Amino acid sequence: MPFDALQTLDTPAALIALPRMQRNIARMQQQADALGVRFRPHVKTTKCAPVAAAQIAAGARGITVSTLKEADQFFADGVTDILYAVGMAAHRLAHAMALRRRGCDLKIITDSLDGARAIADFGRRHGEAFEVLIEIDTDGHRSGIQPDEDALLDIGRVLHDGGMRLGGVLTHAGSSYELNTPAALAALAEQERAGCVQAAERLRAAGLPCPVVSVGSTPTALEATRLDGVTELRAGVYVFFDLVMHNVGVCRTDDIALSVLTTVIGHQAEKGWAIVDAGWMAMSRDRGTARMGQDFGYGQVCTVDGEPLPGYLLSGANQEHGIVSHEGTPEPDVAARFPLGTRLRILPNHACATGAQFPDYHALADDGTVQTWRRFHGW
């Protein structure tokens with residue numbers, strides 16, 4: 001496979017291996033189709049219009065975003081069905097309304113009575129019927145209310161009686177990142193499903209609408225065996241995967257589509273180190289694998305054509321400098337092993353965090369040709 005184009009790119013550079021990305025997209029879409037639910041990818045991982053277009057072309061229906069600026073960007077690129085899946089703060093309601101009035105089918109979320117009141121009050125004052133989903137906590141990981149809390153019905157009534165469109169319920173089993181066996185992930189996927197469906201059934205029993213039941217995290221989405229009562233699946237990092245997902249057990253290293261191209265710029269021979277120009281400004285400071293069964297440092301070192309070099313990690317990082325070393329016996333002649341100018345690729349711990357360090361991706365096709373794809377850079 002020719003990779004001559006990678007010898008002329010300035011480094012560090014974010015690379016997307018297109019065949020891997022397309023395979024990952026197809027895998028998740030096939031899973032959603034097999035489970036009989038719509039798939040709404042979370043585009044915060046890539047913040048990139050060509051990637052989102054590939055997901056939609058494969059069958060995705062709408063997207064999920066984590067900021068309203070992301071919604072602005074993707075709406076400008078032609079995507080209209082957008083879920084803003086972060087609890088709505090009152091000061092952002094004017095921005096959300098502006099998007100809706102420009103034709104964006106924007107949905108927002110809340111998980112509190114105060115939040116519901118703020119949305120309903122603002123909506124009534126401005127004649128805007130926001131579509132709102134209630135966030136449900138099904139695993140104690142982060143946000144949301146318990147499926148059996150009295151507040152669920154109170155929130156639903158405030159929104160519905162206040163003239164808003166009660167769109168449904170959603171949840172995110174983020175604690176799946178702490179698991180590492182198919183059985184544990186499947187059990188959490190069922191817990192996620194059951195809790196969100198329970199919340200939906202309670203709303204409906206109280207005479208409140210609940211058309212959407214939305215669940216998802218990459219690990220639970222891939223390990224779910226049934227989604228009875230669910231209408232929509234969400235996931236994000238699956239499109240690239242990363243070393244955390246490798247440790248969770250839902251991908252192999254040859255599924256990881258994002259890497260950072262770097263150049264050897266020096267050596268510390270007595271320490272067995274090669275110095276590269278990818279530090280934490282390129283990889284991010286995310287050390288998510290440090291708490292897992294296999295610690296990859298700041299990333300797995302690969303050859304320029306993407307083949308992992310067993311035992312070689314980006315073991316240390318300063319702002320612009322990275323340290324490549326062997327996790328076992330130090331390399332006896334590191335300058336011979338990695339001469340100055342050698343190009344390497346580093347697989348990231350967390351694709352979302354690493355991608356966020358770059359304004360562009362360089363999308364690498366199987367024939368070695370490279371396209372530059374702009375990444376939406378900002379909040």
# chains A, B, ... in the order shown; residues from 1 in each chain; ligands from 1
call {"tool": "closest_atom_pairs", "arguments": {"of": "region 305-369 of chain A", "to": "region 47-52 of chain A", "cutoff": "10 Å", "atoms": "only C-alpha atoms", "output": "JSON lines"}}
result
{"residue": "A:Cys352", "atom": "CA", "partner": "A:Lys47", "partner_atom": "CA", "distance": 9.3}
{"residue": "A:Gly355", "atom": "CA", "partner": "A:Lys47", "partner_atom": "CA", "distance": 8.7}
{"residue": "A:Ala356", "atom": "CA", "partner": "A:Lys47", "partner_atom": "CA", "distance": 8.5}
{"residue": "A:Pro359", "atom": "CA", "partner": "A:Cys48", "partner_atom": "CA", "distance": 9.9}
{"residue": "A:Asp360", "atom": "CA", "partner": "A:Cys48", "partner_atom": "CA", "distance": 8.8}
{"residue": "A:Tyr361", "atom": "CA", "partner": "A:Cys48", "partner_atom": "CA", "distance": 8.6}
{"residue": "A:Ala363", "atom": "CA", "partner": "A:Val51", "partner_atom": "CA", "distance": 9.9}
call {"tool": "select_by_dssp", "arguments": {"residues": "region 77-117 of chain A", "states": "strand (DSSP E)", "output": "list in words"}}
result
Asp81, Ile82, Leu83, Tyr84, Ala85, Val86, Gly87, Asp105, Leu106, Lys107, Ile108, Ile109 and Thr110 of chain A
call {"tool": "closest_residue", "arguments": {"among": "A:Ile323, A:Ala71, A:Val132, A:Ala90", "to": "Pro209 (chain A)", "atoms": "only C-alpha atoms"}}
result
A:Val132
call {"tool": "residues_around", "arguments": {"residues": "Ser175 (chain A)", "least_positions_apart": "5", "cutoff": "10 Å", "atoms": "only C-alpha atoms", "output": "MDAnalysis selection string"}}
result
chainID A and resid 138:142 185 188 217 219:220
call {"tool": "atom_distance", "arguments": {"atom1": "CA of Leu170 (chain A)", "atom2": "CA of Ile109 (chain A)"}}
result
8.5 Å
call {"tool": "residues_around", "arguments": {"residues": "Ala274 (chain A)", "least_positions_apart": "6", "cutoff": "7 Å", "atoms": "only C-alpha atoms", "output": "JSON, numbers by chain"}}
result
{"A": [264, 266, 267, 268, 323, 324, 325, 334, 338]}
call {"tool": "write_last_selection", "arguments": {"atoms": "N, CA, C and O atoms", "output": "PDB file, in the first residue's frame"}}
result
ATOM      1  N   VAL A 264      10.131  11.631  14.040  1.00  0.00           N
ATOM      2  CA  VAL A 264      11.226  11.533  15.017  1.00  0.00           C
ATOM      3  C   VAL A 264      12.144  12.731  14.831  1.00  0.00           C
ATOM      4  O   VAL A 264      12.660  12.971  13.734  1.00  0.00           O
ATOM      5  N   GLY A 266      14.557  13.568  17.496  1.00  0.00           N
ATOM      6  CA  GLY A 266      15.730  13.479  18.364  1.00  0.00           C
ATOM      7  C   GLY A 266      15.758  12.161  19.113  1.00  0.00           C
ATOM      8  O   GLY A 266      14.859  11.323  18.989  1.00  0.00           O
ATOM      9  N   HIS A 267      16.827  11.984  19.912  1.00  0.00           N
ATOM     10  CA  HIS A 267      17.012  10.751  20.673  1.00  0.00           C
ATOM     11  C   HIS A 267      17.617  11.067  22.034  1.00  0.00           C
ATOM     12  O   HIS A 267      18.332  12.068  22.196  1.00  0.00           O
ATOM     13  N   GLN A 268      17.331  10.208  22.990  1.00  0.00           N
ATOM     14  CA  GLN A 268      18.057  10.129  24.259  1.00  0.00           C
ATOM     15  C   GLN A 268      18.539   8.682  24.358  1.00  0.00           C
ATOM     16  O   GLN A 268      17.865   7.817  24.895  1.00  0.00           O
ATOM     17  N   ILE A 323       7.666  11.236  23.913  1.00  0.00           N
ATOM     18  CA  ILE A 323       8.725  10.256  24.149  1.00  0.00           C
ATOM     19  C   ILE A 323       8.237   8.886  23.714  1.00  0.00           C
ATOM     20  O   ILE A 323       7.238   8.372  24.242  1.00  0.00           O
ATOM     21  N   VAL A 324       8.917   8.317  22.740  1.00  0.00           N
ATOM     22  CA  VAL A 324       8.645   6.948  22.306  1.00  0.00           C
ATOM     23  C   VAL A 324       9.638   6.040  22.992  1.00  0.00           C
ATOM     24  O   VAL A 324      10.853   6.249  22.903  1.00  0.00           O
ATOM     25  N   SER A 325       9.131   5.032  23.701  1.00  0.00           N
ATOM     26  CA  SER A 325      10.019   4.092  24.365  1.00  0.00           C
ATOM     27  C   SER A 325       9.376   2.715  24.384  1.00  0.00           C
ATOM     28  O   SER A 325       8.182   2.567  24.104  1.00  0.00           O
ATOM     29  N   VAL A 334      18.408   3.080  19.830  1.00  0.00           N
ATOM     30  CA  VAL A 334      17.166   3.727  19.425  1.00  0.00           C
ATOM     31  C   VAL A 334      17.355   4.568  18.169  1.00  0.00           C
ATOM     32  O   VAL A 334      16.425   4.682  17.353  1.00  0.00           O
ATOM     33  N   PHE A 338      14.922   4.045  15.133  1.00  0.00           N
ATOM     34  CA  PHE A 338      14.072   5.155  14.705  1.00  0.00           C
ATOM     35  C   PHE A 338      14.959   6.337  14.294  1.00  0.00           C
ATOM     36  O   PHE A 338      15.154   7.274  15.064  1.00  0.00           O
TER      37      PHE A 338
END
call {"tool": "atom_distance", "arguments": {"atom1": "CA of Trp280 (chain A)", "atom2": "CA of Pro41 (chain A)"}}
result
27.4 Å
